[in-house]
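Undergrad: Mind looking over this structure? Questions follow.
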4 protein chains.
Amino acid sequence: MNDLLFLNHHSQKIVMRTKEGNKEKDILEAAVKVFGEYGYHNSKIAKIAEVANVATGSVYVYYKNKEDILLQIFDFVWSRLYHDAEEIYKNANLSSIEKLDSLIDLIFDLFASNTPLTLVFVNEQNHLQKSVPQKFTPYYEKFFDCGEHIVIEGINSNVFTKTIDVKIFRNYIFGGIRLLLNKWANAPDEFPLNKIRRNVKYFLKNGIVT
Amino acid sequence: MNDLLFLNHHSQKIVMRTKEGNKEKDILEAAVKVFGEYGYHNSKIAKIAEVANVATGSVYVYYKNKEDILLQIFDFVWSRLYHDAEEIYKNANLSSIEKLDSLIDLIFDLFASNTPLTLVFVNEQNHLQKSVPQKFTPYYEKFFDCGEHIVIEGINSNVFTKTIDVKIFRNYIFGGIRLLLNKWANAPDEFPLNKIRRNVKYFLKNGIVT
Amino acid sequence: MNDLLFLNHHSQKIVMRTKEGNKEKDILEAAVKVFGEYGYHNSKIAKIAEVANVATGSVYVYYKNKEDILLQIFDFVWSRLYHDAEEIYKNANLSSIEKLDSLIDLIFDLFASNTPLTLVFVNEQNHLQKSVPQKFTPYYEKFFDCGEHIVIEGINSNVFTKTIDVKIFRNYIFGGIRLLLNKWANAPDEFPLNKIRRNVKYFLKNGIVT
Amino acid sequence: MNDLLFLNHHSQKIVMRTKEGNKEKDILEAAVKVFGEYGYHNSKIAKIAEVANVATGSVYVYYKNKEDILLQIFDFVWSRLYHDAEEIYKNANLSSIEKLDSLIDLIFDLFASNTPLTLVFVNEQNHLQKSVPQKFTPYYEKFFDCGEHIVIEGINSNVFTKTIDVKIFRNYIFGGIRLLLNKWANAPDEFPLNKIRRNVKYFLKNGIVT
DNA sequence: AATGAATGAGATTTCATTCAT
DNA sequence: TATGAATGAAATCTCATTCAT
């Protein structure tokens with residue numbers, strides 16, 4: 001979560017990096033590491049507290065419960081993705097193809113420097129969508145709507161084919177990217193991010209038939 | 001899991017369908033239902049036993065532990081996929097494109113009639129690959145190798161482009177299909193399997209640029 | 001709870017006293033002791049299990065949670081009181097005064113040999129009526145209705161005075177008895193049960209004015 | 001607790017009513033409300049602080065711990081009751097019967113305007129007498145001694161019967177009143193205080209036999 | 001093989017109390 | 001005095017697994 005800003009429960013920006021520390025942020029970052037390493041269900045609150053260098057009880061000062069922590073992580077990620085995606089969508093200087101490429105870049109750029117966050121992102125979303133769908137971040141849908149609009153624009157301007165179903169297409173790409181991010185996070189040397197990025201851009205535009 | 005054969009721990013075919021029932025198979029099928037509905041971590045052995053109509057303790061007569069049940073499910077699925085994929089691969093009457101299409105069909109055909117199995121397949125594999133990678137079914141790799149060979153064949157015969165990285169391609173497709181199967185299993189009307197199948201075949205061959 | 005029968009969750013009589021033991025009953029009796037000694041809120045499930053000579057988890061095999069145990073205790077007591085009270089009420093051979101005296105005896109007889117049960121009875125009912133009133137045993141109201149009917153009978157036959165409000169009277173007596181049972185349970189020598197019993201019968205009939 | 005004086009830890013009268021407020025008193029009054037509503041064991045210090053409009057930590061500036069707050073409440077109540085009872089006892093103008101009636105009135109008058117205080121009084125005394133008997137307010141015993149003396153006076157002057165045991169009698173009445181106060185506090189319309197008062201005075205003097 | 005009662009380790013969560021400011 | 005973030009001990013409850021029958 002490096003140099004990124006994010007918002008706490010009261011929508012105040014958490015940017016403090018002073019000596020006194022920022023426990024809310026420390027805990028969230030620790031949770032990302034722990035969830036990333038062990039998976040949500042095998043992660044213990046005590047371990048998160050230990051990694052965050054706070055007492056167990058302190059976790060509950062900032063987060064309602066274990067699930068809430070995961071919820072905040074996804075809220076952070078999808079909010080970022082959505083806001084950046086919207087900017088791309090609104091950018092009149094970009095062609096449909098460029099917008100789609102930028103969208104791909106956006107995702108890879110966000111995760112490029114944060115393996116644990118990637119692991120949480122690719123592995124734990126199902127849990128939340130199953131268990132507390134009503135509380136799941138609204139940015140998720142908004143992001144996809146944004147992507148959909150870009151594709152529809154491209155179809156209307158005859159750059160993209162009419163043949164495809166947009167809803168299916170968006171899930172197809174996202175599923176593909178998600179699994180590739182997973183592979184990268186587990187074996188960065190075998191699956192270098194830039195190679196993945198290049199291939200994905202090619203696949204989705206041209207397919208593989210010569 | 002209907003009319004499919006599968007193998008027990010001693011690699012004996014389980015086909016018995018006598019009156020007394022086949023508890024090993026009953027338990028596995030019950031587990032698929034329960035894991036599919038609640039997710040692996042929220043599934044209780046007692047619930048699986050109840051659905052299978054056996055006593056809790058009986059589950060441990062046939063399976064070492066909870067994880068082992070999941071392992072057997074994936075072993076069954078990937079074994080099926082691998083064996084069928086190999087047949088396609090070896091079929092001299094098919095072109096590379098036809099083989100690739102058949103591979104897609106293979107997957108969709110397997111899951112078409114079994115929503116719970118689909119849900120387990122798309123949601124719970126990560127768990128096993130994280131937690132017991134060394135025990136994970138060898139058919140998984142074999143299946144993908146098979147798919148890879150088909151693509152390489154196509155590249156060599158100039159039907160498929162050299163531009164792509166085969167390892168990345170295979171994960172890209174599989175990730176896309178996996179997420180789409182998930183969507184279908186949760187909302188079959190919104191995501192009809194045949195529409196998905198048709199779109200996927202188109203995407204992977206042609207991409208979306210006109 | 002000595003030689004009394006009581007019913008388990010499935011309304012089966014629990015009378016077994018064999019070597020194999022009867023854990024459901026053991027736990028309930030242990031709970032009476034522990035609740036009686038420490039009070040409900042300061043009683044630990046682990047302590048109850050220890051006293052009952054079972055594992056902590058076994059408590060939850062038979063009881064939904066801590067509150068459920070208390071609920072079963074009160075259900076047992078009030079069911080006993082109600083059923084015995086009804087018999088008295090229906091007994092045509094007794095005068096109204098004799099019925100009232102028998103009602104008093106009934107209560108004292110039930111608790112006479114069981115100090116811990118008395119302590120639970122006099123100290124912990126508030127908790128349940130506050131926290132889970134909807135689940136509280138129906139025998140409680142039924143018992144009091146019974147007592148009320150006896151008093152009304154007496155009023156109608158001019159043995160008891162019209163001056164009183166029956167609902168107030170019933171709570172007055174019961175409150176008085178409850179506190180006296182408490183005193184007895186804590187200091188049986190200072191407050192001998194038979195002396196209490198004799199006094200109570202006198203008070204409620206004659207008052208103290210000469 | 002309205003216009004009543006009470007004493008702080010150093011036996012100084014707390015009467016200050018300045019703008020800045022009187023936190024010690026605010027906290028005690030808040031505690032009465034919170035204990036009354038939730039019961040002692042389900043009341044949280046943080047909630048008391050919130051109701052008192054002070055910080056959590058401030059509670060510990062004035063009270064040693066949670067139990068101490070309850071102790072102060074009972075000390076306040078029994079001190080009031082004792083001092084007023086003593087006045088009645090010493091009043092040479094009253095007959096024994098009048099004194100007894102005044103004692104009843106005393107109790108009802110104290111609680112008449114303060115439902116939460118009543119609830120604490122009738123529900124939480126057991127807790128203290130069990131858990132910290134050595135620290136329980138001395139006014140409790142003194143109040144009862146006072147009542148006892150009044151009854152003994154009556155017996156000696158032949159107004160009250162010799163038949164009764166005074167210790168038992170005092171607990172009987174007090175138990176009855178306590179339960180009735182409870183009923184009133186929970187359903188003031190069903191159990192109007194004056195009706196209760198009238199009935200209690202009648203019962204204890206005349207009993208119910210015509 | 002089949003059972004299901006019994007186990008007990010373990011994890012989440014709560015909250016009275018402390019203490020640095 | 002006053003604060004309220006931080007603490008961490010403690011307790012309830014869960015449930016995979018065992019084992020005597």
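Just remember, in the structure tokens the first chain shown is A, the second B, etc., residues are 1-based per chain, and ligands are 1-based in the order shown.
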Quick one: residues within 9 Å of Phe191 in chain D, only C-alpha atoms (C1' of nucleotides) counted, chain neighbours fewer than 6 positions away excluded, as a ChimeraX atom specification?
TA: /C:167-168 /D:180-181,183-185
Undergrad: Once DSSP has gone over the backbone, tell me which residues of range 27-206 of chain D are in helix (DSSP H, G or I), as a PyMOL selection string.
TA: chain D and resi 27-38+40-42+45-52+56-62+66-90+96-112+115-123+125-131+133-135+139-156+166-186+193-206
Undergrad: Neighbours of DT7 in chain F within 9 Å (only C-alpha atoms (C1' of nucleotides); same-chain residues fewer than 4 positions away dropped), as a list in words?
TA: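 In the requested form, the answer reads Val54, Ala55, Thr56, Gly57 and Ser58 of chain A; DT17 and DT18 of chain E.
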Undergrad: Write the residues you've just listed into a file as a PDB file, in the first residue's frame, and include C-alpha atoms (C1' of nucleotides) for each of them.
TA:
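again_21.pdb written:
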```
ATOM      1  CA  VAL A  54      -0.074  -3.521  18.192  1.00  0.00           C
ATOM      2  CA  ALA A  55      -2.068  -5.407  20.792  1.00  0.00           C
ATOM      3  CA  THR A  56      -4.741  -7.806  19.634  1.00  0.00           C
ATOM      4  CA  GLY A  57      -7.481  -5.643  21.020  1.00  0.00           C
ATOM      5  CA  SER A  58      -6.296  -2.643  19.064  1.00  0.00           C
TER       6      SER A  58
ATOM      7  C1'  DT E  17      -8.717  -0.720  33.229  1.00  0.00           C
ATOM      8  C1'  DT E  18      -4.411   1.910  32.399  1.00  0.00           C
TER       9       DT E  18
END
```
Undergrad: Under the rule that only C-alpha atoms (C1' of nucleotides) are counted, which of B:Tyr60, B:Phe143, B:Phe169, B:Tyr40 is the nearest residue to chain E?
TA: B:Tyr60
Undergrad: Determine, counting only C-alpha atoms (C1' of nucleotides), which protein, DNA and RNA residues have an atom within 12 Å of an atom of DA20 in chain F; residues of the same chain fewer than 6 positions away are not included. Present the result as a PyMOL selection string.
TA: (chain C and resi 20) or (chain E and resi 3-6)
Undergrad: With a cut-off of 9 Å and counting only C-alpha atoms (C1' of nucleotides), select all residues of chain F in contact with chain C and give the selection as a ChimeraX atom specification.
TA: /F:11-14
Undergrad: Give me, please, the distance in Å between CA of Asp165 in chain B and CA of Thr161 in chain A, quoted to one decimal.
TA: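 CA of Asp165 in chain B sits 24.3 Å away from CA of Thr161 in chain A.
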Undergrad: Using only C-alpha atoms, which of B:Leu100, B:Val59, B:Leu193, B:Leu204 sits nearest Glu24 in chain B?
TA: B:Val59
